[in-house]
file structure_4.cif (mmCIF, C-alpha atoms)
data_input
loop_
_atom_site.label_atom_id
_atom_site.label_comp_id
_atom_site.auth_asym_id
_atom_site.auth_seq_id
_atom_site.Cartn_x
_atom_site.Cartn_y
_atom_site.Cartn_z
CA MET A 1 -6.72 2.50 30.95
CA THR A 2 -3.44 4.31 30.19
CA ASP A 3 -3.14 7.27 27.82
CA ARG A 4 -1.38 5.06 25.29
CA GLU A 5 -4.16 2.50 25.41
CA ALA A 6 -6.69 5.29 24.95
CA LEU A 7 -4.86 6.49 21.82
CA LEU A 8 -4.69 2.96 20.43
CA ASP A 9 -8.40 2.55 21.11
CA ARG A 10 -9.19 5.72 19.17
CA ILE A 11 -7.16 4.42 16.24
CA LEU A 12 -8.94 1.08 16.44
CA VAL A 13 -12.29 2.84 16.27
CA ILE A 14 -11.17 4.41 12.99
CA VAL A 15 -9.95 1.04 11.72
CA ALA A 16 -13.29 -0.53 12.60
CA GLN A 17 -15.13 2.20 10.72
CA VAL A 18 -12.98 1.57 7.65
CA VAL A 19 -13.15 -2.23 7.58
CA GLY A 20 -16.75 -2.59 8.73
CA PRO A 21 -18.36 -4.85 11.32
CA LYS A 22 -17.46 -8.13 9.60
CA ARG A 23 -13.77 -7.44 10.03
CA ALA A 24 -13.84 -5.54 13.29
CA PRO A 25 -10.47 -5.82 15.11
CA SER A 26 -10.42 -8.64 17.65
CA PRO A 27 -9.91 -7.82 21.35
CA ASP A 28 -6.36 -9.19 21.42
CA VAL A 29 -4.83 -6.58 19.12
CA GLY A 30 -2.23 -4.27 20.61
CA ALA A 31 0.58 -1.89 19.84
CA HIS A 32 2.61 -4.62 18.17
CA THR A 33 -0.16 -5.72 15.84
CA PRO A 34 0.84 -5.06 12.23
CA LEU A 35 -1.58 -2.92 10.24
CA GLY A 36 -1.09 -5.10 7.17
CA VAL A 37 -0.17 -8.73 6.63
CA GLU A 38 -0.38 -11.01 9.70
CA GLY A 39 -2.18 -8.30 11.64
CA LEU A 40 -5.19 -6.20 10.76
CA TRP A 41 -4.79 -7.09 7.05
CA LEU A 42 -5.46 -3.58 5.86
CA ASP A 43 -4.75 -3.13 2.17
CA SER A 44 -3.37 0.08 0.68
CA LEU A 45 -6.80 1.65 0.18
CA GLU A 46 -7.93 0.82 3.69
CA LEU A 47 -4.67 2.22 5.06
CA LEU A 48 -5.32 5.41 3.12
CA GLN A 49 -8.75 5.68 4.69
CA VAL A 50 -7.30 5.08 8.15
CA VAL A 51 -4.65 7.75 7.55
CA VAL A 52 -7.28 10.24 6.40
CA GLY A 53 -9.50 9.26 9.34
CA CYS A 54 -6.63 9.86 11.76
CA GLU A 55 -6.00 13.29 10.26
CA ALA A 56 -9.59 14.26 10.91
CA GLU A 57 -9.75 12.68 14.36
CA PHE A 58 -6.47 14.02 15.72
CA GLY A 59 -6.21 17.32 13.84
CA ILE A 60 -2.94 16.48 12.11
CA ILE A 61 -1.62 16.40 8.57
CA PHE A 62 0.71 13.67 7.36
CA GLU A 63 3.66 14.30 5.06
CA PRO A 64 3.70 11.39 2.61
CA ALA A 65 7.44 11.27 1.99
CA LYS A 66 8.36 11.51 5.66
CA ASP A 67 5.47 9.79 7.38
CA LEU A 68 3.98 7.24 5.01
CA LEU A 69 7.04 5.65 3.39
CA GLY A 70 8.89 4.67 6.53
CA ASP A 71 7.85 2.46 9.42
CA GLY A 72 5.00 4.72 10.51
CA LEU A 73 2.33 2.48 9.04
CA ARG A 74 3.91 -0.81 10.18
CA THR A 75 1.99 -1.47 13.41
CA LEU A 76 -0.69 0.13 15.54
CA GLY A 77 2.05 1.31 17.88
CA THR A 78 4.15 2.96 15.17
CA LEU A 79 1.06 4.73 13.86
CA ALA A 80 0.32 5.92 17.39
CA ASP A 81 3.92 7.18 17.67
CA LEU A 82 3.52 9.00 14.37
CA ILE A 83 0.30 10.64 15.48
CA HIS A 84 1.78 11.63 18.82
CA GLY A 85 4.80 13.12 17.04
CA LYS A 86 2.47 15.24 14.95
CA ASN A 87 0.37 16.35 17.88
CA PRO A 88 2.32 16.22 21.16
CA GLY A 89 -0.81 17.28 23.00
CA LEU A 90 -2.09 13.75 22.56
CA PRO A 91 -1.23 11.01 25.06
CA ALA A 92 2.41 9.84 24.99
CA ALA A 93 2.74 6.80 22.73
CA MET B 1 36.92 3.54 -32.72
CA PRO B 2 33.85 5.09 -30.98
CA ARG B 3 34.43 8.51 -29.49
CA PRO B 4 34.44 8.59 -25.65
CA HIS B 5 31.30 10.77 -25.37
CA LEU B 6 29.39 8.33 -27.57
CA ILE B 7 30.34 5.47 -25.24
CA ASP B 8 29.22 7.54 -22.26
CA LYS B 9 25.92 8.27 -23.98
CA LEU B 10 25.34 4.61 -24.77
CA ARG B 11 26.19 3.66 -21.20
CA THR B 12 23.68 6.21 -19.88
CA ARG B 13 21.00 4.88 -22.18
CA TRP B 14 21.73 1.31 -21.18
CA HIS B 15 21.45 2.11 -17.48
CA ALA B 16 18.07 3.84 -18.00
CA ARG B 17 16.55 0.38 -18.53
CA GLN B 18 13.74 -0.54 -16.13
CA PRO B 19 13.31 -4.11 -14.84
CA PHE B 20 10.11 -4.60 -16.85
CA THR B 21 12.02 -4.21 -20.14
CA SER B 22 14.24 -7.08 -21.24
CA ARG B 23 17.88 -6.41 -22.07
CA GLY B 24 17.39 -7.58 -25.65
CA LEU B 25 14.46 -5.24 -26.26
CA TRP B 26 16.29 -2.38 -24.63
CA ALA B 27 19.35 -2.90 -26.82
CA LEU B 28 17.08 -3.04 -29.87
CA MET B 29 15.40 0.22 -28.94
CA ILE B 30 18.72 1.95 -28.41
CA GLY B 31 19.63 0.83 -31.91
CA LEU B 32 16.32 1.96 -33.43
CA ASP B 33 16.03 5.30 -31.66
CA PRO B 34 18.37 7.27 -33.94
CA LEU B 35 16.15 6.49 -36.95
CA PRO B 36 13.72 9.21 -38.04
CA TRP B 37 10.31 8.89 -36.36
CA PRO B 38 8.28 6.72 -36.91
CA TRP B 39 10.68 4.26 -38.53
CA GLY B 40 11.71 2.69 -35.23
CA GLU B 41 8.05 2.39 -34.18
CA GLU B 42 7.14 0.71 -37.47
CA ILE B 43 10.04 -1.72 -37.22
CA LEU B 44 9.23 -2.56 -33.61
CA ALA B 45 5.57 -3.18 -34.51
CA ARG B 46 6.55 -5.64 -37.22
CA LEU B 47 9.13 -7.35 -35.04
CA PHE B 48 6.63 -7.78 -32.19
CA MET B 49 4.15 -9.26 -34.62
CA VAL B 50 6.65 -11.77 -35.99
CA VAL B 51 8.05 -12.72 -32.58
CA ALA B 52 4.61 -13.02 -30.93
CA LEU B 53 3.19 -15.15 -33.71
CA ALA B 54 6.27 -17.36 -33.58
CA ARG B 55 5.79 -17.99 -29.84
CA PRO B 56 3.09 -20.62 -29.29
CA SER B 57 1.87 -19.25 -25.95
CA LEU B 58 1.46 -15.68 -27.20
CA ARG B 59 0.06 -16.82 -30.54
CA ARG B 60 -2.54 -19.01 -28.84
CA ARG B 61 -3.68 -16.19 -26.56
CA ALA B 62 -3.84 -13.64 -29.38
CA VAL B 63 -5.71 -15.96 -31.74
CA ALA B 64 -8.10 -17.13 -29.03
CA TRP B 65 -8.96 -13.56 -28.11
CA ALA B 66 -9.23 -12.49 -31.74
CA SER B 67 -11.50 -15.40 -32.61
CA VAL B 68 -14.27 -14.14 -30.30
CA GLN B 69 -14.23 -10.59 -31.63
CA PRO B 70 -17.10 -10.14 -34.07
CA GLY B 71 -16.51 -9.34 -37.72
CA ARG B 72 -12.74 -9.78 -37.93
CA GLY B 73 -10.48 -12.44 -39.39
CA ARG B 74 -8.88 -14.01 -36.35
CA TRP B 75 -5.38 -14.39 -37.76
CA ARG B 76 -5.32 -10.90 -39.22
CA LEU B 77 -6.58 -9.46 -35.93
CA ALA B 78 -4.15 -11.53 -33.85
CA ALA B 79 -1.28 -10.22 -35.96
CA ALA B 80 -2.54 -6.64 -35.60
CA ILE B 81 -2.81 -7.02 -31.82
CA CYS B 82 0.77 -8.25 -31.54
CA ALA B 83 2.00 -5.46 -33.82
CA PHE B 84 0.17 -2.90 -31.71
CA ARG B 85 1.99 -4.19 -28.64
CA GLY B 86 5.26 -3.23 -30.37
CA ARG B 87 3.88 0.18 -31.24
CA TRP B 88 2.76 0.56 -27.61
CA VAL B 89 6.29 -0.13 -26.36
CA ALA B 90 7.71 2.36 -28.86
CA ARG B 91 5.26 5.06 -27.76
CA LEU B 92 5.90 4.38 -24.09
CA HIS B 93 9.55 5.18 -24.65
CA LEU B 94 8.88 7.95 -27.18
CA LEU B 95 11.10 6.02 -29.56
CA GLY B 96 12.63 8.22 -32.22
CA LEU B 97 10.78 11.33 -31.07
CA ARG B 98 13.38 14.04 -30.65
CA SER B 99 11.13 16.59 -28.95
CA PRO B 100 7.53 17.25 -27.92
CA GLU B 101 7.15 19.50 -30.96
CA GLU B 102 7.67 16.50 -33.23
CA LEU B 103 4.75 14.65 -31.63
CA ARG B 104 2.38 17.60 -31.11
CA PRO B 105 0.95 17.61 -34.67
CA TYR B 106 0.09 13.94 -34.16
CA THR B 107 -2.05 14.45 -31.08
CA VAL B 108 -5.73 15.30 -30.73
CA VAL B 109 -7.86 15.72 -27.62
CA GLU B 110 -11.60 15.29 -28.07
CA GLY B 111 -14.07 16.34 -25.39
CA GLU B 112 -11.77 18.94 -23.85
CA GLU B 113 -14.87 20.90 -22.86
CA HIS B 114 -15.72 18.22 -20.30
CA LEU B 115 -12.41 18.83 -18.55
CA THR B 116 -12.45 22.61 -18.82
CA ALA B 117 -15.97 22.62 -17.34
CA VAL B 118 -14.54 21.22 -14.09
CA SER B 119 -13.35 24.06 -11.88
CA GLY B 120 -11.41 22.12 -9.23
CA GLY B 121 -9.72 18.77 -8.97
CA ALA B 122 -10.61 16.01 -11.43
CA ILE B 123 -9.89 12.31 -11.79
CA LEU B 124 -9.15 11.20 -15.34
CA LEU B 125 -9.98 7.54 -15.38
CA SER B 126 -7.95 5.66 -17.94
CA PHE B 127 -7.78 2.01 -19.02
CA HIS B 128 -5.24 -0.47 -20.34
CA VAL B 129 -6.40 -0.07 -23.93
CA GLY B 130 -4.89 1.98 -26.73
CA PRO B 131 -1.50 3.67 -26.74
CA PRO B 132 0.26 4.75 -23.52
CA CYS B 133 1.34 8.18 -22.29
CA ILE B 134 -2.09 9.80 -21.92
CA ASP B 135 -0.64 12.16 -19.34
CA VAL B 136 2.22 13.20 -21.61
CA VAL B 137 -0.13 13.93 -24.51
CA LEU B 138 -2.54 15.84 -22.30
CA LYS B 139 0.32 17.97 -21.00
CA LEU B 140 1.47 18.48 -24.58
CA ARG B 141 -2.02 19.79 -25.40
CA GLY B 142 -2.04 22.19 -22.44
CA HIS B 143 -3.79 20.12 -19.76
CA PRO B 144 -1.51 19.63 -16.74
CA VAL B 145 -2.16 16.24 -15.17
CA THR B 146 -0.33 13.99 -12.72
CA TYR B 147 -0.24 10.30 -13.51
CA LEU B 148 -0.47 7.91 -10.56
CA GLY B 149 1.08 4.57 -11.40
CA ARG B 150 3.11 1.64 -10.26
CA HIS B 151 6.31 1.98 -12.26
CA ASP B 152 8.53 4.97 -12.61
CA ARG B 153 8.32 5.04 -16.36
CA ALA B 154 9.45 8.64 -16.47
CA LEU B 155 12.99 7.40 -16.30
CA THR B 156 12.60 5.43 -19.49
CA ARG B 157 10.30 7.77 -21.35
CA ALA B 158 12.73 10.60 -21.66
CA TRP B 159 15.76 8.36 -22.04
CA TRP B 160 18.37 10.95 -22.62
CA ARG B 161 16.54 13.82 -24.25
CA ASP B 162 16.29 16.94 -22.12
CA ALA B 163 13.55 18.33 -24.35
CA TRP B 164 11.08 15.77 -22.99
CA TRP B 165 11.84 16.18 -19.31
CA PRO B 166 9.34 18.98 -18.57
CA LEU B 167 6.59 16.67 -19.79
CA VAL B 168 7.73 13.37 -18.34
CA GLU B 169 9.34 14.32 -15.05
CA THR B 170 7.34 13.00 -12.11
CA ASP B 171 7.23 13.31 -8.37
CA PRO B 172 8.54 9.99 -6.96
CA LEU B 173 5.55 10.00 -4.62
CA THR B 174 3.24 9.45 -7.58
CA ARG B 175 4.91 6.12 -8.40
CA ALA B 176 4.48 2.97 -6.39
CA GLY B 177 7.52 1.15 -7.78
CA GLY B 178 9.75 -0.23 -5.07
CA GLY B 179 7.28 -1.86 -2.72
CA PRO B 180 3.61 -2.55 -2.11
CA GLY B 181 3.62 -0.23 0.88
CA ARG B 182 4.21 2.75 -1.37
CA TRP B 183 0.74 2.63 -2.90
CA THR B 184 -0.84 4.22 0.20
CA ALA B 185 1.59 7.14 -0.06
CA VAL B 186 0.90 7.44 -3.80
CA LEU B 187 -2.87 7.54 -3.26
CA TYR B 188 -2.44 10.00 -0.41
CA THR B 189 -0.41 12.23 -2.74
CA GLY B 190 -3.16 11.91 -5.34
CA ARG B 191 -5.71 12.98 -2.75
CA GLN B 192 -3.65 16.05 -1.87
CA ILE B 193 -3.35 16.99 -5.56
CA LEU B 194 -7.12 16.70 -5.97
CA LEU B 195 -7.85 18.73 -2.83
CA ASP B 196 -5.48 21.41 -4.16
CA GLY B 197 -7.54 21.56 -7.37
CA GLY B 198 -5.18 19.53 -9.58
CA ARG B 199 -5.95 16.78 -12.06
CA ILE B 200 -4.79 13.21 -11.77
CA CYS B 201 -4.83 10.35 -14.24
CA ILE B 202 -5.18 6.84 -12.83
CA MET B 203 -5.78 3.46 -14.42
CA ALA B 204 -9.14 1.92 -13.60
CA ASP B 205 -8.15 -1.63 -14.44
CA GLY B 206 -5.27 -3.94 -13.73
CA ARG B 207 -3.88 -6.07 -10.94
CA GLY B 208 -5.13 -5.73 -7.42
CA LYS B 209 -8.32 -5.71 -5.43
CA GLU B 210 -11.45 -6.03 -7.57
CA LEU B 211 -14.25 -3.46 -7.52
CA PHE B 212 -16.27 -4.95 -10.37
CA ARG B 213 -15.84 -6.54 -13.78
CA ILE B 214 -16.80 -5.21 -17.15
CA PRO B 215 -17.84 -8.03 -19.47
CA LEU B 216 -16.03 -7.88 -22.79
CA PRO B 217 -15.74 -10.39 -25.61
CA GLY B 218 -12.70 -12.52 -24.83
CA GLY B 219 -12.77 -11.94 -21.07
CA PRO B 220 -13.75 -9.33 -18.50
CA MET B 221 -11.86 -6.20 -17.60
CA VAL B 222 -11.18 -6.08 -13.87
CA ILE B 223 -11.81 -2.63 -12.40
CA ARG B 224 -9.91 -1.68 -9.26
CA PRO B 225 -11.25 0.59 -6.50
CA GLY B 226 -8.38 3.11 -6.10
CA TRP B 227 -10.02 5.81 -8.23
CA LEU B 228 -13.34 5.35 -6.43
CA THR B 229 -11.73 5.77 -3.02
CA LEU B 230 -10.05 8.98 -4.19
CA HIS B 231 -13.37 10.20 -5.55
CA GLN B 232 -15.16 9.45 -2.29
CA LEU B 233 -12.42 11.08 -0.21
CA THR B 234 -12.25 14.27 -2.28
CA GLY B 235 -15.51 14.63 -4.18
CA ALA B 236 -13.48 15.23 -7.36
CA PRO B 237 -15.46 14.32 -10.48
CA VAL B 238 -14.42 11.23 -12.44
CA LEU B 239 -14.03 11.62 -16.19
CA PRO B 240 -13.45 8.44 -18.20
CA VAL B 241 -10.70 8.85 -20.78
CA LEU B 242 -10.00 6.60 -23.72
CA THR B 243 -7.21 6.85 -26.25
CA ARG B 244 -6.50 5.30 -29.61
CA LEU B 245 -4.12 5.56 -32.50
CA ASP B 246 -5.63 6.84 -35.72
CA GLY B 247 -2.76 6.17 -38.08
CA LEU B 248 0.13 7.87 -36.33
CA THR B 249 -2.08 10.33 -34.49
CA GLN B 250 -2.90 9.66 -30.84
CA VAL B 251 -6.50 10.64 -30.18
CA ILE B 252 -7.59 11.13 -26.57
CA THR B 253 -11.30 11.27 -25.86
CA ILE B 254 -12.43 12.77 -22.57
CA HIS B 255 -15.94 11.67 -21.72
CA PRO B 256 -18.45 13.52 -19.52
CA ALA B 257 -18.00 13.19 -15.77
CA LEU B 258 -19.70 10.26 -14.08
CA LEU B 259 -22.42 10.98 -11.55
CA PRO B 260 -21.17 11.51 -7.98
CA LEU B 261 -20.58 7.98 -6.71
CA THR B 262 -22.09 8.28 -3.28
CA SER B 263 -24.53 5.39 -3.41
CA ASP B 264 -24.85 1.88 -4.82
CA PRO B 265 -27.37 2.93 -7.50
CA ALA B 266 -25.01 5.69 -8.70
CA LEU B 267 -22.16 3.19 -8.84
CA LYS B 268 -24.34 0.83 -10.84
CA VAL B 269 -25.17 3.55 -13.35
CA SER B 270 -21.49 4.47 -13.68
CA ARG B 271 -20.59 0.83 -14.08
CA GLU B 272 -23.03 0.59 -16.98
CA ILE B 273 -21.63 3.77 -18.56
CA LEU B 274 -18.07 2.44 -18.30
CA ALA B 275 -19.16 -0.92 -19.69
CA ALA B 276 -20.80 0.76 -22.68
CA LEU B 277 -17.70 2.87 -23.36
CA LEU B 278 -15.33 -0.09 -23.13
CA GLN B 279 -17.52 -2.43 -25.15
CA ASP B 280 -17.80 0.18 -27.89
CA TYR B 281 -14.03 0.73 -27.83
CA VAL B 282 -13.21 -2.97 -28.08
CA ARG B 283 -15.73 -3.40 -30.89
CA LYS B 284 -14.20 -0.53 -32.89
CA PHE B 285 -10.52 -0.96 -32.06
CA PRO B 286 -9.87 -4.56 -31.02
CA GLU B 287 -6.36 -4.44 -32.44
CA GLN B 288 -5.53 -1.75 -29.87
CA CYS B 289 -6.27 -3.97 -26.89
CA PRO B 290 -3.13 -6.11 -26.44
CA ALA B 291 -3.37 -5.92 -22.64
CA LEU B 292 -6.79 -7.58 -22.83
CA ALA B 293 -5.81 -10.03 -25.54
CA LEU B 294 -2.45 -11.06 -24.16
CA GLY B 295 -3.36 -10.64 -20.50
CA ARG B 296 -0.40 -8.50 -19.59
CA ALA B 297 -2.31 -6.13 -17.37
CA TYR B 298 -3.91 -8.85 -15.34
CA GLY B 299 -1.25 -11.51 -14.72
CA PRO B 300 -0.94 -13.07 -11.26
CA PRO B 301 -2.12 -10.63 -8.61
CA PRO B 302 0.50 -9.33 -6.20
CA VAL B 303 0.45 -10.57 -2.63
CA ASP B 304 -2.18 -8.39 -1.03
CA ALA B 305 -3.81 -8.26 2.33
CA SER B 306 -7.21 -8.57 0.71
CA GLY B 307 -6.61 -12.17 -0.20
CA ALA B 308 -6.01 -13.65 3.23
CA ARG B 309 -7.60 -11.71 6.01
CA GLN B 310 -8.12 -13.60 9.18
CA ALA B 311 -8.02 -13.73 12.95
CA LYS B 312 -6.87 -10.20 13.90
CA THR B 313 -9.61 -8.45 11.97
CA SER B 314 -12.42 -10.88 12.48
CA PRO B 315 -13.43 -12.42 15.78
CA SER B 316 -14.76 -15.43 13.94
CA GLY B 317 -11.60 -15.80 11.90
CA SER B 318 -13.54 -15.76 8.68
CA CYS B 319 -12.60 -13.79 5.60
CA ALA B 320 -14.47 -10.62 4.78
#
call {"tool": "encode", "arguments": {"input": "structure_4.cif", "output": "structure tokens"}}
result
Amino acid sequence: MTDREALLDRILVIVAQVVGPKRAPSPDVGAHTPLGVEGLWLDSLELLQVVVGCEAEFGIIFEPAKDLLGDGLRTLGTLADLIHGKNPGLPAA
Amino acid sequence: MPRPHLIDKLRTRWHARQPFTSRGLWALMIGLDPLPWPWGEEILARLFMVVALARPSLRRRAVAWASVQPGRGRWRLAAAICAFRGRWVARLHLLGLRSPEELRPYTVVEGEEHLTAVSGGAILLSFHVGPPCIDVVLKLRGHPVTYLGRHDRALTRAWWRDAWWPLVETDPLTRAGGGPGRWTAVLYTGRQILLDGGRICIMADGRGKELFRIPLPGGPMVIRPGWLTLHQLTGAPVLPVLTRLDGLTQVITIHPALLPLTSDPALKVSREILAALLQDYVRKFPEQCPALALGRAYGPPPVDASGARQAKTSPSGSCA
């Protein structure tokens, strides 16, 4: 497993905690999977919980104007990029 | 011939229009605004009543809703509901109000002790009943609060009067207008405000994902989960807030904080408390519930992920 895959897996664990077992992410999700429509189908509240979960998990703090209004929350990969940008000590995204 | 600065002023006012206000209504309000308060508000209330009752679809909805409210003549109540809608629009835009000082004597906050008893962040849970601008009135009465909402109504509230700006100016990150993706950023901002010890005001009901329904005569009120998520993420107490017009005076009532909503039984108790508050409000002030009667707060839900979850989040492909 690469570092990037490990980071995506950690994010998916947070997603699974937020959405619960009935909507656990399927095995075929990857960096290009959208977080919202046509992907993980997270709504705004679930995304908020994922964002807050990522802050706790990775020891980072998001800036809403810079991080949450752009493409950062578009796919699993862009979220991983965002997290890596906040904490370069994490695996390269 | 109009003086150039007057034309500039009119142009500025015209361009302050938001998409949710029709051009005709906007032009009317620009014409009514110079009148002494509350003349414009009174005229708008009567015009809304006449126009709504003349439109079959609105008339049918208002009369149908009014006919199931106990103890009121349905036509009289339907007319009052439609008139209140006009008054609501006038208040939203602070029509005819030159400065906060003009409105201050017409504002009352009941139950302030419930808010002052909270030492840190607090969630003021409001509803689509009664007049608008709870946050503006609370600020006017010395209670700083940030309103989290969908539209950037600050632009239209102050129109062109600098005197109002300190009370109506908002952080763009507290408004979700401009795209569904913004709501996460707005809620995140709300969470930060609460963690910093600030107070936010958020609507409990409206379009979107459903948390539960409060049964009311004429149709249920749909409660959304945004406020609950913020409460669970921050631990900030939730204080239900209701507002009404008593003549020209806007009365805001702050109710005691709900129990911490950490379990299903606590949520059930809070649901019953909210239901009792709302049922009492609708019984006493049915004419101040145009959003319930005319359905404006609940129209077609926006496209949301919650409505069509499938394959990627569920191995079986079933909806949650």
call {"tool": "resolve_selection", "arguments": {"input": "structure_4.cif", "expression": "the PyMOL selection byres ((chain A) within 9 of (chain B))", "output": "ChimeraX atom specification"}}
result
/A:16,19,21-29,33,36-49,51-52,64-65,67-69,73
call {"tool": "closest_residue", "arguments": {"input": "structure_4.cif", "among": "A:Leu76, A:Gly89, A:Leu82, A:Gly70", "to": "Ile11 of chain A", "atoms": "only C-alpha atoms"}}
result
A:Leu76
call {"tool": "resolve_selection", "arguments": {"input": "structure_4.cif", "expression": "the PyMOL selection byres ((chain A and resi 55) around 12)", "output": "tab-separated table (two decimals) with C-alpha atoms, in the coordinates of the input"}}
result
chain	number	residue	atom	x	y	z
A	11	ILE	CA	-7.16	4.42	16.24
A	14	ILE	CA	-11.17	4.41	12.99
A	48	LEU	CA	-5.32	5.41	3.12
A	49	GLN	CA	-8.75	5.68	4.69
A	50	VAL	CA	-7.30	5.08	8.15
A	51	VAL	CA	-4.65	7.75	7.55
A	52	VAL	CA	-7.28	10.24	6.40
A	53	GLY	CA	-9.50	9.26	9.34
A	54	CYS	CA	-6.63	9.86	11.76
A	56	ALA	CA	-9.59	14.26	10.91
A	57	GLU	CA	-9.75	12.68	14.36
A	58	PHE	CA	-6.47	14.02	15.72
A	59	GLY	CA	-6.21	17.32	13.84
A	60	ILE	CA	-2.94	16.48	12.11
A	61	ILE	CA	-1.62	16.40	8.57
A	62	PHE	CA	0.71	13.67	7.36
A	63	GLU	CA	3.66	14.30	5.06
A	79	LEU	CA	1.06	4.73	13.86
A	82	LEU	CA	3.52	9.00	14.37
A	83	ILE	CA	0.30	10.64	15.48
A	84	HIS	CA	1.78	11.63	18.82
A	86	LYS	CA	2.47	15.24	14.95
A	87	ASN	CA	0.37	16.35	17.88
B	188	TYR	CA	-2.44	10.00	-0.41
call {"tool": "residues_near_point", "arguments": {"input": "structure_4.cif", "point": "(15.5, -4.4, -24.3)", "cutoff": "12 Å", "atoms": "all atoms listed in the file", "output": "ChimeraX atom specification"}}
result
/B:13-32,44,86,89-90,93,156
call {"tool": "residues_around", "arguments": {"input": "structure_4.cif", "residues": "segment 111-120 of chain B", "least_positions_apart": "2", "cutoff": "6 Å", "atoms": "all atoms listed in the file", "output": "number ranges by chain"}}
result
B: 197, 253-254, 256
call {"tool": "atom_distance", "arguments": {"input": "structure_4.cif", "atom1": "atom CA of Trp37 of chain B", "atom2": "atom CA of Gly96 of chain B"}}
result
4.8 Å
call {"tool": "atom_distance", "arguments": {"input": "structure_4.cif", "atom1": "atom CA of Gly71 of chain B", "atom2": "atom CA of Leu274 of chain B"}}
result
22.8 Å
call {"tool": "atom_distance", "arguments": {"input": "structure_4.cif", "atom1": "atom CA of Thr262 of chain B", "atom2": "atom CA of Thr234 of chain B"}}
result
11.6 Å
call {"tool": "closest_residue", "arguments": {"input": "structure_4.cif", "among": "B:Val109, B:Val238, B:Leu47, B:Leu167", "to": "Leu124 of chain B", "atoms": "all atoms listed in the file"}}
result
B:Val238
call {"tool": "closest_residue", "arguments": {"input": "structure_4.cif", "among": "B:Gln69, B:Thr12, B:Ser57, B:Ser270", "to": "Glu287 of chain B", "atoms": "all atoms listed in the file"}}
result
B:Gln69
call {"tool": "resolve_selection", "arguments": {"input": "structure_4.cif", "expression": "the PyMOL selection byres ((chain B and resi 49-53) around 8)", "output": "number ranges by chain"}}
result
B: 45-48, 54-56, 58-59, 79-83, 86
